[in-house]
Structures are given as structure tokens and as C-alpha cells.
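To start, the structure under review is shown below, and the notes come after it.
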Amino acid sequence: MQTTPKYKILIVDDEPDIVELLHYNLTREGYEVAQAENGKRAIEVARLFKPDVILMDVMMPVLDGIAACRQLREQNEFKHTHVIFLTARSEEFSEVAAFDAGADDYLTKPIKPRALLSRLAAFARRDAQQEEQEQLIVIAGLKIDRTSFAVYKGDQKITLPKKEFELLAFLASTPNKVFTREELLNNIWGSDVYVVARTVDVHIRKVREKVGEDHIRTIKGVGYKFNTD
């Protein structure tokens, strides 16, 4: 039984031999792989491929790895994507610059496939553990169990329809952060489903009726947040 996820990995490097080596070793291990030859192309491919991990060369034409990483980190969908820089020993490379740009790690060329696979397995184990922990949210007198779609308030079990549950769990997973109606619509209903902003208000009202008025606070003219005050 597989206990760690098989990541989608984007290889970004302008050296075909390195891309071929990495592609061969990663696909052999069951990873889904895409590739790009420079930072600009990497951003375009990432938006479509939605990788879990990006292996990014530092020195590339058109747009280098540091600049590409910064641009990716500015987009919400890539804030939690693992970025591992690939760098040659002869390059003037600053670890500080890499981590400031948002890198998670770096590997020195020539890349040793076993070292890379070991690093990826460590990321996968960490993500799996974090995901398991996040299945249960205990906050402000509520216990929200994502595995069973159940909400408990003390000894009382509260049953919520799927969208109401997802809305409550989403807000509770980032307490005191204010989300606009549009952000909630995109995250809960999806950007490809047409629903109006009023839909959020209706669902918030129903959640409040069931779990209590104080848990979700309205920020006038902005949106909603899960309240822990």
C-alpha cells in the first residue's frame, strides 16, 4: 500500500541532458513529470500542470530561476509548492538569495538521482503527516472532522450539508484571516461554477444558525472570517 503521494514534478532547466536524466529517474519511480527550458516558460507550464514540486535551475536564459521563483510565490496557487533549486558548483550562487526568493531546498550539480529521490520522499512524508493533522480542526469550542464531515460542539454533533461544512472548515483552517466573498466562492464552489456572491451570505447564515452566531464574523464591506476573539 502506497503511504506517500506521488508528486507532479516540473523540471526547469536549459540543459537537455539534465532534463533527460531527471525525467527518466522520476518517471521510473512513478512521478508525473513536465518540463520547461527557462523561467518564463516554467510559469506558463506551472499554471496548467499545477506541480507539487518544481526542480528549478538557477542560471537560465529569458528568466532565471530566482526571478521565476519569486513570481510563482506571488501567486496563491503556488505558495505551498515545493521549489528545489539546481545549481552548478562553479556558479556564483547565494543560498540566502534562494531562500529569500522562496526556495525550500537546493541541490548541487551534478545531480545524484538517489539524493533527489530521498529528498522528495522526505517532502512527501512531511506533507502526508501535515495533511493527516489538518483533517481534525479543534478551535473555539468546535471540533471539525474533515474525514467524517462532522462538527461537534461539546457533546453535540451538528450535521451540515457538504457546502456549509466546507465553508466552515475552510474559514476555521485559517482563523482570523478575512476572506472576500469572491475568494470563498472560488475556494468552495470553484471558479468554473457560476454562483453569485449572495450564495456565500446564505450559507454563512445557515452555518451560524447551526453552530452559533459568534464563530463567523462579518467584516463589513470586505467579507468573513472565523473569529477566535
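If you're wondering about the labels, chains in the C-alpha cells are A, B, ... by order shown, residues count from 1 in each chain, ligands from 1 in order shown.
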
Within 6 Å of range 77-86 of chain A, which residues of range 92-159 of chain A show up? Give each one with its shortest atom-to-atom distance in Å (one decimal) and the two atoms involved, counting only C-alpha atoms, rows by chain then rising residue number, as a tab-separated table.
residue	atom	partner	partner_atom	distance
A:Ala103	CA	A:Val83	CA	5.0
A:Asp104	CA	A:Val83	CA	5.4
A:Asp105	CA	A:Ile84	CA	4.8
A:Tyr106	CA	A:Phe85	CA	4.3
A:Leu107	CA	A:Leu86	CA	5.1
A:Thr108	CA	A:Leu86	CA	5.8

Legend entry - Residue contacts of Ile111 in chain A (10 Å, only C-alpha atoms) excluding same-chain residues fewer than 5 positions away, as a PyMOL selection string: chain A and resi 18+21-22+86-88+116

Legend entry - Interatomic distance (Å, one decimal) between CA of Gly141 in chain A and CA of His215 in chain A: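 Separating CA of Gly141 in chain A from CA of His215 in chain A is a distance of 9.3 Å.
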
Legend entry - Residue neighbourhood Arg146 in chain A, 10 Å, only C-alpha atoms, exclusion window fewer than 4 positions, as a count of residues only: 10

Legend entry - Neighbour list for Arg217 in chain A as a PyMOL selection string, cut-off 8 Å, only C-alpha atoms, skip fewer than 6 positions in-chain: chain A and resi 224-227

Can you spit out the residues from that selection as a PDB file, in the first residue's frame, using all heavy atoms?
ATOM      1  N   TYR A 224     -15.731  37.739   5.302  1.00  0.00           N
ATOM      2  CA  TYR A 224     -15.952  36.989   6.540  1.00  0.00           C
ATOM      3  C   TYR A 224     -14.643  36.424   7.074  1.00  0.00           C
ATOM      4  O   TYR A 224     -13.697  36.190   6.338  1.00  0.00           O
ATOM      5  CB  TYR A 224     -16.921  35.835   6.286  1.00  0.00           C
ATOM      6  CG  TYR A 224     -18.305  36.258   5.847  1.00  0.00           C
ATOM      7  CD1 TYR A 224     -18.665  36.228   4.491  1.00  0.00           C
ATOM      8  CD2 TYR A 224     -19.251  36.687   6.776  1.00  0.00           C
ATOM      9  CE1 TYR A 224     -19.920  36.607   4.080  1.00  0.00           C
ATOM     10  CE2 TYR A 224     -20.514  37.068   6.362  1.00  0.00           C
ATOM     11  CZ  TYR A 224     -20.847  37.030   5.036  1.00  0.00           C
ATOM     12  OH  TYR A 224     -22.093  37.413   4.627  1.00  0.00           O
ATOM     13  N   LYS A 225     -14.627  36.176   8.389  1.00  0.00           N
ATOM     14  CA  LYS A 225     -13.509  35.483   8.992  1.00  0.00           C
ATOM     15  C   LYS A 225     -14.010  34.599  10.127  1.00  0.00           C
ATOM     16  O   LYS A 225     -15.089  34.835  10.699  1.00  0.00           O
ATOM     17  CB  LYS A 225     -12.467  36.474   9.550  1.00  0.00           C
ATOM     18  CG  LYS A 225     -12.913  37.198  10.823  1.00  0.00           C
ATOM     19  CD  LYS A 225     -11.758  37.964  11.438  1.00  0.00           C
ATOM     20  CE  LYS A 225     -12.152  38.555  12.795  1.00  0.00           C
ATOM     21  NZ  LYS A 225     -11.006  39.196  13.487  1.00  0.00           N
ATOM     22  N   PHE A 226     -13.235  33.552  10.446  1.00  0.00           N
ATOM     23  CA  PHE A 226     -13.543  32.725  11.608  1.00  0.00           C
ATOM     24  C   PHE A 226     -12.977  33.447  12.815  1.00  0.00           C
ATOM     25  O   PHE A 226     -11.787  33.752  12.890  1.00  0.00           O
ATOM     26  CB  PHE A 226     -12.933  31.334  11.471  1.00  0.00           C
ATOM     27  CG  PHE A 226     -13.412  30.384  12.535  1.00  0.00           C
ATOM     28  CD1 PHE A 226     -14.504  29.567  12.310  1.00  0.00           C
ATOM     29  CD2 PHE A 226     -12.783  30.324  13.773  1.00  0.00           C
ATOM     30  CE1 PHE A 226     -14.981  28.708  13.298  1.00  0.00           C
ATOM     31  CE2 PHE A 226     -13.241  29.466  14.773  1.00  0.00           C
ATOM     32  CZ  PHE A 226     -14.344  28.666  14.528  1.00  0.00           C
ATOM     33  N   ASN A 227     -13.828  33.685  13.787  1.00  0.00           N
ATOM     34  CA  ASN A 227     -13.486  34.526  14.932  1.00  0.00           C
ATOM     35  C   ASN A 227     -13.039  33.690  16.140  1.00  0.00           C
ATOM     36  O   ASN A 227     -13.730  32.765  16.557  1.00  0.00           O
ATOM     37  CB  ASN A 227     -14.708  35.365  15.305  1.00  0.00           C
ATOM     38  CG  ASN A 227     -14.404  36.370  16.404  1.00  0.00           C
ATOM     39  OD1 ASN A 227     -13.325  36.941  16.411  1.00  0.00           O
ATOM     40  ND2 ASN A 227     -15.349  36.581  17.295  1.00  0.00           N
TER      41      ASN A 227
END
